[in-house]
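**Q** File upload.cif follows (mmCIF, C-alpha atoms):
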```
data_query
#
loop_
_atom_site.group_PDB
_atom_site.id
_atom_site.type_symbol
_atom_site.label_atom_id
_atom_site.label_comp_id
_atom_site.auth_asym_id
_atom_site.auth_seq_id
_atom_site.Cartn_x
_atom_site.Cartn_y
_atom_site.Cartn_z
ATOM 1 C CA MET A 22 176.923 -101.157 39.431
ATOM 2 C CA TYR A 23 177.005 -100.592 43.173
ATOM 3 C CA SER A 24 179.639 -101.339 45.769
ATOM 4 C CA THR A 25 179.423 -104.551 47.749
ATOM 5 C CA ASP A 26 181.239 -102.997 50.717
ATOM 6 C CA ILE A 27 177.944 -102.325 52.500
ATOM 7 C CA LYS A 28 177.182 -104.632 55.412
ATOM 8 C CA VAL A 29 173.580 -105.545 54.608
ATOM 9 C CA LYS A 30 171.630 -106.843 57.600
ATOM 10 C CA MET A 31 169.706 -110.081 57.435
ATOM 11 C CA ASN A 32 166.361 -108.311 57.125
ATOM 12 C CA PRO A 33 166.891 -104.708 55.994
ATOM 13 C CA ILE A 34 164.121 -102.186 55.483
ATOM 14 C CA ILE A 35 166.303 -99.325 54.179
ATOM 15 C CA VAL A 36 169.585 -99.703 52.304
ATOM 16 C CA THR A 37 171.772 -96.908 50.932
ATOM 17 C CA GLU A 38 174.405 -97.745 48.322
ATOM 18 C CA ASN A 39 177.179 -95.304 47.385
ATOM 19 C CA LEU A 40 174.713 -92.568 48.300
ATOM 20 C CA ASN A 41 175.523 -88.987 47.360
ATOM 21 C CA PHE A 42 173.483 -85.801 47.487
ATOM 22 C CA GLU A 43 174.427 -82.241 46.561
ATOM 23 C CA TYR A 44 172.530 -79.013 47.072
ATOM 24 C CA PRO A 45 172.956 -76.647 44.110
ATOM 25 C CA ALA A 46 175.179 -73.609 44.603
ATOM 26 C CA GLU A 47 173.289 -70.400 45.253
ATOM 27 C CA GLU A 48 172.692 -68.106 42.313
ATOM 28 C CA GLY A 49 175.186 -65.300 41.961
ATOM 29 C CA MET A 50 178.011 -67.302 43.547
ATOM 30 C CA GLY A 51 180.076 -67.441 40.352
ATOM 31 C CA ASN A 52 181.923 -70.728 39.878
ATOM 32 C CA ARG A 53 181.155 -71.985 43.361
ATOM 33 C CA ARG A 54 180.642 -75.759 43.405
ATOM 34 C CA ASN A 55 177.490 -77.506 44.588
ATOM 35 C CA LEU A 56 177.363 -78.288 48.296
ATOM 36 C CA ALA A 57 177.918 -81.975 49.071
ATOM 37 C CA ALA A 58 175.552 -82.863 51.942
ATOM 38 C CA VAL A 59 175.904 -86.672 51.794
ATOM 39 C CA GLU A 60 178.958 -88.432 50.364
ATOM 40 C CA ASN A 61 179.352 -92.129 49.604
ATOM 41 C CA VAL A 62 177.125 -93.372 52.428
ATOM 42 C CA ASN A 63 176.588 -97.131 52.635
ATOM 43 C CA ILE A 64 174.318 -98.235 55.456
ATOM 44 C CA SER A 65 171.624 -100.824 56.069
ATOM 45 C CA ILE A 66 168.792 -100.355 58.565
ATOM 46 C CA GLU A 67 167.386 -103.590 59.940
ATOM 47 C CA LYS A 68 163.648 -104.038 60.375
ATOM 48 C CA GLY A 69 162.537 -103.530 63.965
ATOM 49 C CA SER A 70 165.733 -101.770 65.006
ATOM 50 C CA PHE A 71 166.114 -98.457 66.832
ATOM 51 C CA VAL A 72 168.878 -96.377 65.235
ATOM 52 C CA ALA A 73 170.047 -92.960 66.433
ATOM 53 C CA VAL A 74 171.865 -90.659 64.013
ATOM 54 C CA LEU A 75 174.161 -87.996 65.506
ATOM 55 C CA GLY A 76 176.144 -85.176 63.966
ATOM 56 C CA HIS A 77 176.935 -81.502 64.351
ATOM 57 C CA ASN A 78 174.926 -78.912 62.415
ATOM 58 C CA GLY A 79 175.656 -79.302 58.722
ATOM 59 C CA SER A 80 176.969 -82.851 59.074
ATOM 60 C CA GLY A 81 174.355 -84.241 56.677
ATOM 61 C CA LYS A 82 172.162 -86.141 59.136
ATOM 62 C CA SER A 83 168.862 -84.422 58.243
ATOM 63 C CA THR A 84 169.589 -84.702 54.525
ATOM 64 C CA LEU A 85 170.255 -88.410 55.034
ATOM 65 C CA ALA A 86 166.876 -88.722 56.784
ATOM 66 C CA LYS A 87 165.086 -87.079 53.861
ATOM 67 C CA LEU A 88 166.872 -89.341 51.403
ATOM 68 C CA MET A 89 165.907 -92.460 53.361
ATOM 69 C CA SER A 90 162.257 -91.389 53.419
ATOM 70 C CA GLY A 91 162.085 -90.526 49.720
ATOM 71 C CA VAL A 92 161.597 -86.794 50.348
ATOM 72 C CA LEU A 93 164.854 -86.167 48.449
ATOM 73 C CA THR A 94 166.212 -88.096 45.449
ATOM 74 C CA PRO A 95 169.931 -89.013 45.374
ATOM 75 C CA THR A 96 172.313 -87.073 43.164
ATOM 76 C CA SER A 97 174.002 -90.431 42.629
ATOM 77 C CA GLY A 98 173.926 -93.833 44.243
ATOM 78 C CA ARG A 99 170.730 -95.407 45.474
ATOM 79 C CA VAL A 100 168.304 -95.737 48.371
ATOM 80 C CA THR A 101 165.934 -98.689 48.551
ATOM 81 C CA VAL A 102 163.000 -99.150 50.920
ATOM 82 C CA ASN A 103 161.920 -102.784 51.128
ATOM 83 C CA GLY A 104 163.763 -103.213 47.845
ATOM 84 C CA LEU A 105 161.987 -100.298 46.117
ATOM 85 C CA ASP A 106 164.207 -97.615 44.574
ATOM 86 C CA THR A 107 163.235 -94.161 45.906
ATOM 87 C CA ALA A 108 164.296 -92.553 42.613
ATOM 88 C CA ASP A 109 161.538 -94.383 40.723
ATOM 89 C CA ASP A 110 158.361 -92.276 40.833
ATOM 90 C CA LYS A 111 156.092 -95.285 40.609
ATOM 91 C CA ASN A 112 157.427 -96.508 43.971
ATOM 92 C CA LEU A 113 156.799 -93.295 45.918
ATOM 93 C CA MET A 114 153.302 -94.102 47.163
ATOM 94 C CA ASN A 115 154.401 -97.454 48.591
ATOM 95 C CA ILE A 116 157.502 -95.841 50.089
ATOM 96 C CA LYS A 117 155.426 -93.107 51.780
ATOM 97 C CA LYS A 118 153.180 -95.810 53.254
ATOM 98 C CA THR A 119 156.229 -97.693 54.534
ATOM 99 C CA VAL A 120 158.305 -94.813 55.928
ATOM 100 C CA GLY A 121 156.759 -91.916 57.855
ATOM 101 C CA MET A 122 158.611 -88.824 58.968
ATOM 102 C CA VAL A 123 158.098 -86.570 62.002
ATOM 103 C CA PHE A 124 159.796 -83.185 61.806
ATOM 104 C CA GLN A 125 161.164 -80.699 64.326
ATOM 105 C CA ASN A 126 158.302 -78.216 64.631
ATOM 106 C CA PRO A 127 154.950 -79.838 65.496
ATOM 107 C CA ASP A 128 153.033 -76.671 64.545
ATOM 108 C CA ASN A 129 154.160 -77.117 60.930
ATOM 109 C CA GLN A 130 152.701 -80.650 60.790
ATOM 110 C CA LEU A 131 149.199 -80.051 62.151
ATOM 111 C CA VAL A 132 146.648 -79.203 59.453
ATOM 112 C CA ALA A 133 143.203 -79.480 61.100
ATOM 113 C CA THR A 134 141.367 -77.638 63.867
ATOM 114 C CA VAL A 135 140.485 -80.805 65.820
ATOM 115 C CA VAL A 136 142.962 -83.484 66.936
ATOM 116 C CA GLU A 137 141.093 -86.507 65.563
ATOM 117 C CA GLU A 138 140.579 -84.761 62.219
ATOM 118 C CA ASP A 139 144.294 -84.068 62.008
ATOM 119 C CA VAL A 140 145.146 -87.717 62.635
ATOM 120 C CA ALA A 141 142.572 -88.741 60.010
ATOM 121 C CA PHE A 142 144.033 -86.459 57.337
ATOM 122 C CA ALA A 143 146.563 -88.890 55.831
ATOM 123 C CA PRO A 144 144.288 -91.984 55.850
ATOM 124 C CA GLU A 145 141.572 -89.911 54.176
ATOM 125 C CA ASN A 146 144.023 -89.000 51.419
ATOM 126 C CA LEU A 147 144.578 -92.724 50.854
ATOM 127 C CA GLY A 148 140.855 -93.060 50.113
ATOM 128 C CA LEU A 149 140.220 -95.543 52.905
ATOM 129 C CA PRO A 150 136.652 -96.403 53.988
ATOM 130 C CA PRO A 151 135.322 -94.169 56.825
ATOM 131 C CA ALA A 152 135.033 -97.089 59.255
ATOM 132 C CA GLU A 153 138.685 -98.034 58.744
ATOM 133 C CA ILE A 154 139.764 -94.402 59.147
ATOM 134 C CA ARG A 155 137.925 -94.127 62.458
ATOM 135 C CA GLU A 156 139.540 -97.333 63.704
ATOM 136 C CA ARG A 157 143.008 -96.178 62.675
ATOM 137 C CA VAL A 158 142.538 -92.796 64.339
ATOM 138 C CA LYS A 159 141.307 -94.432 67.545
ATOM 139 C CA ASN A 160 144.238 -96.870 67.662
ATOM 140 C CA ALA A 161 146.817 -94.197 66.807
ATOM 141 C CA LEU A 162 145.626 -91.836 69.541
ATOM 142 C CA GLU A 163 145.613 -94.686 72.059
ATOM 143 C CA THR A 164 149.176 -95.591 71.106
ATOM 144 C CA VAL A 165 150.486 -92.088 71.824
ATOM 145 C CA GLY A 166 148.303 -91.588 74.908
ATOM 146 C CA MET A 167 146.172 -88.814 73.415
ATOM 147 C CA SER A 168 142.714 -90.426 73.312
ATOM 148 C CA ASP A 169 141.345 -87.967 75.873
ATOM 149 C CA TYR A 170 142.277 -85.076 73.597
ATOM 150 C CA ALA A 171 140.563 -86.333 70.414
ATOM 151 C CA LYS A 172 138.042 -83.453 70.352
ATOM 152 C CA GLN A 173 140.546 -80.789 71.427
ATOM 153 C CA ALA A 174 141.925 -78.024 69.228
ATOM 154 C CA PRO A 175 145.644 -78.694 68.558
ATOM 155 C CA HIS A 176 146.623 -75.079 69.316
ATOM 156 C CA ARG A 177 145.530 -75.603 72.933
ATOM 157 C CA LEU A 178 147.985 -78.461 73.483
ATOM 158 C CA SER A 179 151.523 -78.347 74.863
ATOM 159 C CA GLY A 180 154.475 -78.798 72.539
ATOM 160 C CA GLY A 181 154.938 -82.419 73.574
ATOM 161 C CA GLN A 182 151.247 -83.150 73.099
ATOM 162 C CA LYS A 183 151.269 -81.550 69.645
ATOM 163 C CA GLN A 184 154.233 -83.706 68.647
ATOM 164 C CA ARG A 185 152.411 -86.815 69.882
ATOM 165 C CA VAL A 186 149.436 -85.860 67.698
ATOM 166 C CA ALA A 187 151.815 -85.491 64.746
ATOM 167 C CA ILE A 188 153.205 -88.960 65.512
ATOM 168 C CA ALA A 189 149.647 -90.335 65.705
ATOM 169 C CA GLY A 190 149.027 -88.968 62.215
ATOM 170 C CA ILE A 191 151.984 -90.996 60.968
ATOM 171 C CA ILE A 192 150.960 -94.104 62.929
ATOM 172 C CA ALA A 193 147.521 -93.961 61.293
ATOM 173 C CA MET A 194 149.282 -94.701 57.996
ATOM 174 C CA LEU A 195 150.468 -98.026 59.515
ATOM 175 C CA PRO A 196 154.131 -97.468 58.592
ATOM 176 C CA GLU A 197 156.856 -100.039 59.109
ATOM 177 C CA CYS A 198 159.410 -97.315 59.852
ATOM 178 C CA ILE A 199 159.254 -93.821 61.349
ATOM 179 C CA ILE A 200 162.071 -91.289 61.003
ATOM 180 C CA PHE A 201 162.173 -88.611 63.698
ATOM 181 C CA ASP A 202 164.121 -85.619 62.375
ATOM 182 C CA GLU A 203 165.132 -83.773 65.564
ATOM 183 C CA SER A 204 161.527 -84.119 66.706
ATOM 184 C CA THR A 205 162.351 -83.233 70.320
ATOM 185 C CA ALA A 206 164.549 -80.213 69.569
ATOM 186 C CA MET A 207 161.862 -77.570 70.217
ATOM 187 C CA LEU A 208 160.408 -79.227 73.314
ATOM 188 C CA ASP A 209 161.050 -78.712 77.013
ATOM 189 C CA PRO A 210 162.496 -81.605 79.091
ATOM 190 C CA THR A 211 159.014 -82.925 79.933
ATOM 191 C CA GLY A 212 157.969 -82.870 76.283
ATOM 192 C CA ARG A 213 161.193 -84.596 75.224
ATOM 193 C CA ARG A 214 160.607 -87.351 77.770
ATOM 194 C CA GLU A 215 157.034 -87.837 76.518
ATOM 195 C CA ILE A 216 158.230 -88.237 72.947
ATOM 196 C CA MET A 217 161.065 -90.606 73.894
ATOM 197 C CA ASP A 218 158.630 -92.782 75.847
ATOM 198 C CA THR A 219 156.357 -92.847 72.786
ATOM 199 C CA ILE A 220 159.255 -93.698 70.475
ATOM 200 C CA LYS A 221 160.386 -96.603 72.672
ATOM 201 C CA LYS A 222 156.813 -97.907 72.878
ATOM 202 C CA LEU A 223 156.450 -97.834 69.086
ATOM 203 C CA ASN A 224 159.708 -99.718 68.674
ATOM 204 C CA ARG A 225 159.429 -102.281 71.479
ATOM 205 C CA GLU A 226 155.693 -102.950 71.541
ATOM 206 C CA LYS A 227 154.672 -102.284 67.929
ATOM 207 C CA GLY A 228 157.870 -103.458 66.225
ATOM 208 C CA ILE A 229 158.166 -100.242 64.220
ATOM 209 C CA THR A 230 161.649 -99.461 62.944
ATOM 210 C CA VAL A 231 162.812 -96.149 64.421
ATOM 211 C CA ILE A 232 165.447 -93.816 63.025
ATOM 212 C CA LEU A 233 166.041 -90.937 65.443
ATOM 213 C CA ILE A 234 167.978 -87.898 64.242
ATOM 214 C CA THR A 235 169.042 -86.104 67.418
ATOM 215 C CA HIS A 236 171.690 -83.982 69.094
ATOM 216 C CA TYR A 237 170.698 -85.127 72.591
ATOM 217 C CA MET A 238 173.134 -87.788 73.772
ATOM 218 C CA ASN A 239 170.772 -89.092 76.461
ATOM 219 C CA GLU A 240 168.319 -89.960 73.656
ATOM 220 C CA ALA A 241 170.955 -91.715 71.575
ATOM 221 C CA VAL A 242 171.972 -94.043 74.418
ATOM 222 C CA GLU A 243 168.473 -95.577 74.328
ATOM 223 C CA ALA A 244 168.943 -96.803 70.751
ATOM 224 C CA ASP A 245 170.250 -100.205 69.629
ATOM 225 C CA ARG A 246 172.714 -98.581 67.249
ATOM 226 C CA VAL A 247 174.299 -95.163 66.790
ATOM 227 C CA ILE A 248 175.471 -93.713 63.466
ATOM 228 C CA VAL A 249 177.648 -90.585 63.621
ATOM 229 C CA MET A 250 177.720 -88.258 60.606
ATOM 230 C CA ASN A 251 180.604 -85.839 60.066
ATOM 231 C CA ASP A 252 181.230 -83.646 57.024
ATOM 232 C CA ALA A 253 178.619 -85.495 54.923
ATOM 233 C CA GLN A 254 180.028 -88.967 55.650
ATOM 234 C CA VAL A 255 179.508 -91.761 58.170
ATOM 235 C CA GLU A 256 182.244 -91.246 60.733
ATOM 236 C CA MET A 257 181.236 -93.950 63.253
ATOM 237 C CA ASP A 258 178.709 -96.782 63.414
ATOM 238 C CA GLY A 259 178.157 -99.117 66.349
ATOM 239 C CA SER A 260 176.318 -99.790 69.580
ATOM 240 C CA PRO A 261 175.881 -96.898 72.048
ATOM 241 C CA HIS A 262 178.569 -98.473 74.247
ATOM 242 C CA GLU A 263 181.010 -98.734 71.324
ATOM 243 C CA ILE A 264 180.390 -95.159 70.185
ATOM 244 C CA PHE A 265 180.427 -93.433 73.566
ATOM 245 C CA SER A 266 183.547 -95.289 74.671
ATOM 246 C CA GLN A 267 185.389 -93.066 72.152
ATOM 247 C CA VAL A 268 185.035 -89.814 74.078
ATOM 248 C CA GLU A 269 188.060 -87.994 72.664
ATOM 249 C CA ARG A 270 187.105 -88.840 69.081
ATOM 250 C CA LEU A 271 183.556 -87.545 69.591
ATOM 251 C CA TRP A 272 184.888 -84.331 71.100
ATOM 252 C CA GLN A 273 187.203 -83.885 68.120
ATOM 253 C CA ILE A 274 184.252 -83.850 65.732
ATOM 254 C CA GLY A 275 182.293 -81.439 67.887
ATOM 255 C CA LEU A 276 179.904 -83.766 69.712
ATOM 256 C CA ASP A 277 179.107 -84.156 73.380
ATOM 257 C CA VAL A 278 178.830 -87.409 75.324
ATOM 258 C CA PRO A 279 176.404 -88.377 78.106
ATOM 259 C CA GLN A 280 177.253 -86.655 81.403
ATOM 260 C CA SER A 281 177.944 -89.932 83.199
ATOM 261 C CA THR A 282 180.274 -91.016 80.384
ATOM 262 C CA GLU A 283 182.158 -87.717 80.562
ATOM 263 C CA LEU A 284 182.478 -87.970 84.356
ATOM 264 C CA ILE A 285 184.002 -91.449 84.195
ATOM 265 C CA HIS A 286 186.311 -90.386 81.368
ATOM 266 C CA MET A 287 187.654 -87.522 83.503
ATOM 267 C CA LEU A 288 188.000 -89.691 86.631
ATOM 268 C CA LYS A 289 189.988 -92.330 84.727
ATOM 269 C CA LYS A 290 192.896 -89.892 84.578
ATOM 270 C CA TYR A 291 193.477 -90.713 88.240
ATOM 271 C CA PRO A 292 195.127 -94.098 88.972
ATOM 272 C CA GLN A 293 192.514 -95.325 91.439
ATOM 273 C CA PHE A 294 189.785 -94.977 88.787
ATOM 274 C CA ALA A 295 191.773 -96.406 85.876
ATOM 275 C CA GLU A 296 190.063 -99.799 85.978
ATOM 276 C CA ILE A 297 186.549 -98.407 85.528
ATOM 277 C CA PRO A 298 185.348 -99.470 82.060
ATOM 278 C CA ASP A 299 184.769 -96.879 79.335
ATOM 279 C CA GLY A 300 181.357 -96.152 77.891
ATOM 280 C CA LEU A 301 179.166 -96.203 80.993
ATOM 281 C CA LEU A 302 175.975 -94.619 79.696
ATOM 282 C CA ASP A 303 173.775 -93.885 82.687
ATOM 283 C CA GLU A 304 174.032 -92.355 86.144
ATOM 284 C CA ASP A 305 173.354 -95.607 88.013
ATOM 285 C CA SER A 306 176.180 -97.485 86.257
ATOM 286 C CA ALA A 307 178.593 -94.609 86.825
ATOM 287 C CA ALA A 308 177.617 -94.283 90.494
ATOM 288 C CA ASP A 309 178.024 -98.041 91.081
ATOM 289 C CA ALA A 310 181.476 -97.998 89.490
ATOM 290 C CA ILE A 311 182.612 -95.041 91.609
ATOM 291 C CA ILE A 312 181.247 -96.579 94.825
ATOM 292 C CA LYS A 313 183.155 -99.813 94.100
ATOM 293 C CA VAL A 314 186.378 -97.829 93.813
ATOM 294 C CA PHE A 315 185.811 -96.070 97.141
ATOM 295 C CA ARG A 316 184.917 -99.350 98.841
ATOM 296 C CA LYS A 317 188.081 -100.938 97.489
ATOM 297 C CA GLU A 318 190.198 -97.940 98.540
ATOM 298 C CA ASN A 319 188.726 -98.040 102.049
ATOM 299 C CA LYS A 320 188.579 -101.853 102.160
ATOM 300 C CA LEU A 321 184.843 -101.851 102.749
ATOM 301 C CA SER A 322 182.613 -104.797 101.915
#
```
Using the file provided, produce a representation of the structure as structure tokens.
**A**
Amino acid sequence: MYSTDIKVKMNPIIVTENLNFEYPAEEGMGNRRNLAAVENVNISIEKGSFVAVLGHNGSGKSTLAKLMSGVLTPTSGRVTVNGLDTADDKNLMNIKKTVGMVFQNPDNQLVATVVEEDVAFAPENLGLPPAEIRERVKNALETVGMSDYAKQAPHRLSGGQKQRVAIAGIIAMLPECIIFDESTAMLDPTGRREIMDTIKKLNREKGITVILITHYMNEAVEADRVIVMNDAQVEMDGSPHEIFSQVERLWQIGLDVPQSTELIHMLKKYPQFAEIPDGLLDEDSAADAIIKVFRKENKLS
């Protein structure tokens, strides 16, 4: 029997119910208890949404990602993907087709010596006809902007390009949802921007549900929804504006906020800036708000 407290969306793709996961205590640690990585998590991810998951190191966000993709099985509670229980082995193939996962290090995800062969790897394992595999590879590389590199060796690519090839390999499976587990963490600013542009394209143009595990606040503000993990539990859940309006609370749990949000928060300590709204997420909005204050102070039109 599962709790009915969860707010299930109208059209969910992933639902967690009273979800718990523990890592076993290390050998030789005496009576040390298992480590609780996820505790009593109840969330629903709507199809076609773009959800960012934040949290400090050890908060449970990556474990949650692996549970939602079926890589890990709950200690207790349940995860369903399109209604299929991830703990039931007979569902795993359908779940893997539905939910793809892109990890942090692109070098660990590339298995072939030629880009197009790497992208074809997963469809080949599904036993698809060669003509369909070629079409999927072509479409996947076009989607991530890597068609010109189809014959290249992956080791000659930049970090951002390698990660885009890894994403293409997932796209070739035709998933409904892709989970990005800190997939930009090892990239330079240019590579991170490339991946974020690809992620937004997949979500907005292809309708793929995106779950982005990240510690970059400027990535989280581009999502529809932000979930904050803290000490294995969901601490906050709301729109980027709702979450980043709570600057002091985020600082208390060890998280940063976007630079423009922090600037406005600091300025609001001064009376002339008190009326600026909280939760401004980008530089343009912050600059406009500050300019309005100066114009008002100086009675300029």
**Q** So how far away is CA of Ala241 (chain A) from CA of Ala295 (chain A), in Å?
**A**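 According to the coordinates, CA of Ala295 (chain A) and CA of Ala241 (chain A) are separated by 25.7 Å.
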**Q** Which residue gives the smallest distance to Gln280 (chain A) among A:Pro196, A:Gly212, A:Gly180, A:Gly300, with all atoms listed in the file counted?
**A**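 For Gln280 (chain A), the nearest of the given residues is A:Gly300.
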**Q** For a quick check of understanding, using all atoms listed in the file, which of A:Lys290, A:Lys227, A:Arg270, A:Lys221 has the smallest distance to Val72 (chain A)?
**A**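 Checking each candidate against Val72 (chain A), we get A:Lys221 as the closest.
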**Q** Taking a cut-off of 6 Å and counting all atoms listed in the file, can you build a table that, for each residue of region 191-277 of chain A near region 113-134 of chain A, reports the nearest atom pair and how far apart they are in Å (one decimal), sorted by chain then residue number, as CSV?
**A**
```
residue,atom,partner,partner_atom,distance
A:Ile191,CA,A:Gly121,CA,5.8
A:Pro196,CA,A:Thr119,CA,4.6
A:Glu197,CA,A:Thr119,CA,5.2
A:Cys198,CA,A:Val120,CA,4.8
A:Ile199,CA,A:Gly121,CA,4.7
A:Ile200,CA,A:Met122,CA,4.7
A:Phe201,CA,A:Val123,CA,4.9
A:Asp202,CA,A:Phe124,CA,5.0
A:Glu203,CA,A:Gln125,CA,5.2
A:Ser204,CA,A:Gln125,CA,4.2
```
**Q** Translate the PyMOL selection byres ((chain A and resi 259) around 6), as applied to the file shown, into an explicit residue set as a JSON list (two decimals) with C-alpha atoms, in the frame of the given file.
**A**
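File written: out-v1.json
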```json
[["chain", "number", "residue", "atom", "x", "y", "z"],
["A", 246, "ARG", "CA", 172.71, -98.58, 67.25],
["A", 247, "VAL", "CA", 174.30, -95.16, 66.79],
["A", 258, "ASP", "CA", 178.71, -96.78, 63.41],
["A", 260, "SER", "CA", 176.32, -99.79, 69.58],
["A", 263, "GLU", "CA", 181.01, -98.73, 71.32],
["A", 264, "ILE", "CA", 180.39, -95.16, 70.18]]
```
**Q** Please determine, counting all atoms listed in the file, which residue among A:Ala308, A:Val100, A:Ala253, A:Val135 has the shortest atom-to-atom distance to Leu56 (chain A).
**A**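 Of the candidates, the smallest distance to Leu56 (chain A) is held by A:Ala253.
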**Q** Go through the shown structure with the PyMOL selection byres ((chain A and resi 185) around 12) and write out the matching residues as a PDB file with C-alpha atoms, in the coordinates of the input.
**A**
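Just written: out-v3.pdb:
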```pdb
ATOM      1  CA  VAL A 123     158.098 -86.570  62.002  1.00  0.00           C
ATOM      2  CA  PHE A 124     159.796 -83.185  61.806  1.00  0.00           C
ATOM      3  CA  ASN A 126     158.302 -78.216  64.631  1.00  0.00           C
ATOM      4  CA  PRO A 127     154.950 -79.838  65.496  1.00  0.00           C
ATOM      5  CA  ASP A 128     153.033 -76.671  64.545  1.00  0.00           C
ATOM      6  CA  GLN A 130     152.701 -80.650  60.790  1.00  0.00           C
ATOM      7  CA  LEU A 131     149.199 -80.051  62.151  1.00  0.00           C
ATOM      8  CA  VAL A 136     142.962 -83.484  66.936  1.00  0.00           C
ATOM      9  CA  ASP A 139     144.294 -84.068  62.008  1.00  0.00           C
ATOM     10  CA  VAL A 140     145.146 -87.717  62.635  1.00  0.00           C
ATOM     11  CA  ALA A 161     146.817 -94.197  66.807  1.00  0.00           C
ATOM     12  CA  LEU A 162     145.626 -91.836  69.541  1.00  0.00           C
ATOM     13  CA  GLU A 163     145.613 -94.686  72.059  1.00  0.00           C
ATOM     14  CA  THR A 164     149.176 -95.591  71.106  1.00  0.00           C
ATOM     15  CA  VAL A 165     150.486 -92.088  71.824  1.00  0.00           C
ATOM     16  CA  GLY A 166     148.303 -91.588  74.908  1.00  0.00           C
ATOM     17  CA  MET A 167     146.172 -88.814  73.415  1.00  0.00           C
ATOM     18  CA  SER A 168     142.714 -90.426  73.312  1.00  0.00           C
ATOM     19  CA  TYR A 170     142.277 -85.076  73.597  1.00  0.00           C
ATOM     20  CA  ALA A 171     140.563 -86.333  70.414  1.00  0.00           C
ATOM     21  CA  PRO A 175     145.644 -78.694  68.558  1.00  0.00           C
ATOM     22  CA  LEU A 178     147.985 -78.461  73.483  1.00  0.00           C
ATOM     23  CA  SER A 179     151.523 -78.347  74.863  1.00  0.00           C
ATOM     24  CA  GLY A 180     154.475 -78.798  72.539  1.00  0.00           C
ATOM     25  CA  GLY A 181     154.938 -82.419  73.574  1.00  0.00           C
ATOM     26  CA  GLN A 182     151.247 -83.150  73.099  1.00  0.00           C
ATOM     27  CA  LYS A 183     151.269 -81.550  69.645  1.00  0.00           C
ATOM     28  CA  GLN A 184     154.233 -83.706  68.647  1.00  0.00           C
ATOM     29  CA  VAL A 186     149.436 -85.860  67.698  1.00  0.00           C
ATOM     30  CA  ALA A 187     151.815 -85.491  64.746  1.00  0.00           C
ATOM     31  CA  ILE A 188     153.205 -88.960  65.512  1.00  0.00           C
ATOM     32  CA  ALA A 189     149.647 -90.335  65.705  1.00  0.00           C
ATOM     33  CA  GLY A 190     149.027 -88.968  62.215  1.00  0.00           C
ATOM     34  CA  ILE A 191     151.984 -90.996  60.968  1.00  0.00           C
ATOM     35  CA  ILE A 192     150.960 -94.104  62.929  1.00  0.00           C
ATOM     36  CA  PHE A 201     162.173 -88.611  63.698  1.00  0.00           C
ATOM     37  CA  SER A 204     161.527 -84.119  66.706  1.00  0.00           C
ATOM     38  CA  THR A 205     162.351 -83.233  70.320  1.00  0.00           C
ATOM     39  CA  LEU A 208     160.408 -79.227  73.314  1.00  0.00           C
ATOM     40  CA  GLY A 212     157.969 -82.870  76.283  1.00  0.00           C
ATOM     41  CA  ARG A 213     161.193 -84.596  75.224  1.00  0.00           C
ATOM     42  CA  ARG A 214     160.607 -87.351  77.770  1.00  0.00           C
ATOM     43  CA  GLU A 215     157.034 -87.837  76.518  1.00  0.00           C
ATOM     44  CA  ILE A 216     158.230 -88.237  72.947  1.00  0.00           C
ATOM     45  CA  MET A 217     161.065 -90.606  73.894  1.00  0.00           C
ATOM     46  CA  ASP A 218     158.630 -92.782  75.847  1.00  0.00           C
ATOM     47  CA  THR A 219     156.357 -92.847  72.786  1.00  0.00           C
ATOM     48  CA  ILE A 220     159.255 -93.698  70.475  1.00  0.00           C
ATOM     49  CA  LEU A 223     156.450 -97.834  69.086  1.00  0.00           C
TER      50      LEU A 223
END
```
**Q** Take every atom of region 260-274 of chain A listed in the file, fit an axis-aligned box around them, add 8 Å per side, and give the centre and edge lengths in Å to one decimal as lines of an AutoDock Vina configuration file.
**A**
```
center_x = 182.0
center_y = -91.8
center_z = 70.2
size_x = 28.2
size_y = 31.9
size_z = 24.9
```
**Q** Of the candidates A:Pro279, A:Asp299, A:Glu240, A:Arg54, which one gets nearest to Pro210 (chain A) if we count only C-alpha atoms?
**A**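 Ranked by minimum distance to Pro210 (chain A), first place goes to A:Glu240.
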**Q** Using all atoms listed in the file, what residues lie at most 9 Å away from (167.2, -103.9, 52.6) (file coordinates), given as a list in words?
**A**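 Selection result: Val29, Lys30, Met31, Asn32, Pro33, Ile34, Ile35, Val36, Thr37, Ser65, Ile66, Glu67, Lys68, Thr101, Val102, Asn103 and Gly104 of chain A.
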**Q** So, with all atoms listed in the file as the atoms that count, which of A:Val158, A:Val268, A:Ala58, A:Val278 lies closest to Leu85 (chain A)?
**A**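 Looking at the shortest contact to Leu85 (chain A), the residue is A:Ala58.
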**Q** Dump as a PyMOL selection string all residues having an atom at most 12 Å from (175.2, -87.3, 76.6), computed in the file's coordinates with only C-alpha atoms.
**A** chain A and resi 75+235-243+261-262+264-266+268+271-272+276-284+300-304
**Q** Just checking: using only C-alpha atoms, which residue out of A:Leu147, A:Ala174, A:Ala73, A:Val59 ends up closest to Leu233 (chain A)?
**A** A:Ala73
**Q** Could you please determine the separation between CA of Asn251 (chain A) and CA of Asn41 (chain A) in Å, to one decimal place?
**A**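 For CA of Asn251 (chain A) relative to CA of Asn41 (chain A), the distance reads 14.0 Å.
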**Q** When you draw a straight line from CA of Pro298 (chain A) to CA of Ile232 (chain A), how long is it in Å?
**A** 28.1 Å
**Q** Could you list, as an MDAnalysis selection string, every residue matched by the PyMOL selection byres ((chain A and resi 79) around 9) in this structure?
**A** chainID A and resid 58 76:78 80:83 251:253
**Q** Using the selection just defined, write its residues with C-alpha atoms as a short mmCIF file (atom, residue, chain, number, x, y, z; two decimals), keeping the file's coordinate frame.
**A**
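Wrote it out as part-v9.cif, contents follow:
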```
data_model
loop_
_atom_site.label_atom_id
_atom_site.label_comp_id
_atom_site.auth_asym_id
_atom_site.auth_seq_id
_atom_site.Cartn_x
_atom_site.Cartn_y
_atom_site.Cartn_z
CA ALA A 58 175.55 -82.86 51.94
CA GLY A 76 176.14 -85.18 63.97
CA HIS A 77 176.94 -81.50 64.35
CA ASN A 78 174.93 -78.91 62.42
CA SER A 80 176.97 -82.85 59.07
CA GLY A 81 174.36 -84.24 56.68
CA LYS A 82 172.16 -86.14 59.14
CA SER A 83 168.86 -84.42 58.24
CA ASN A 251 180.60 -85.84 60.07
CA ASP A 252 181.23 -83.65 57.02
CA ALA A 253 178.62 -85.50 54.92
#
```
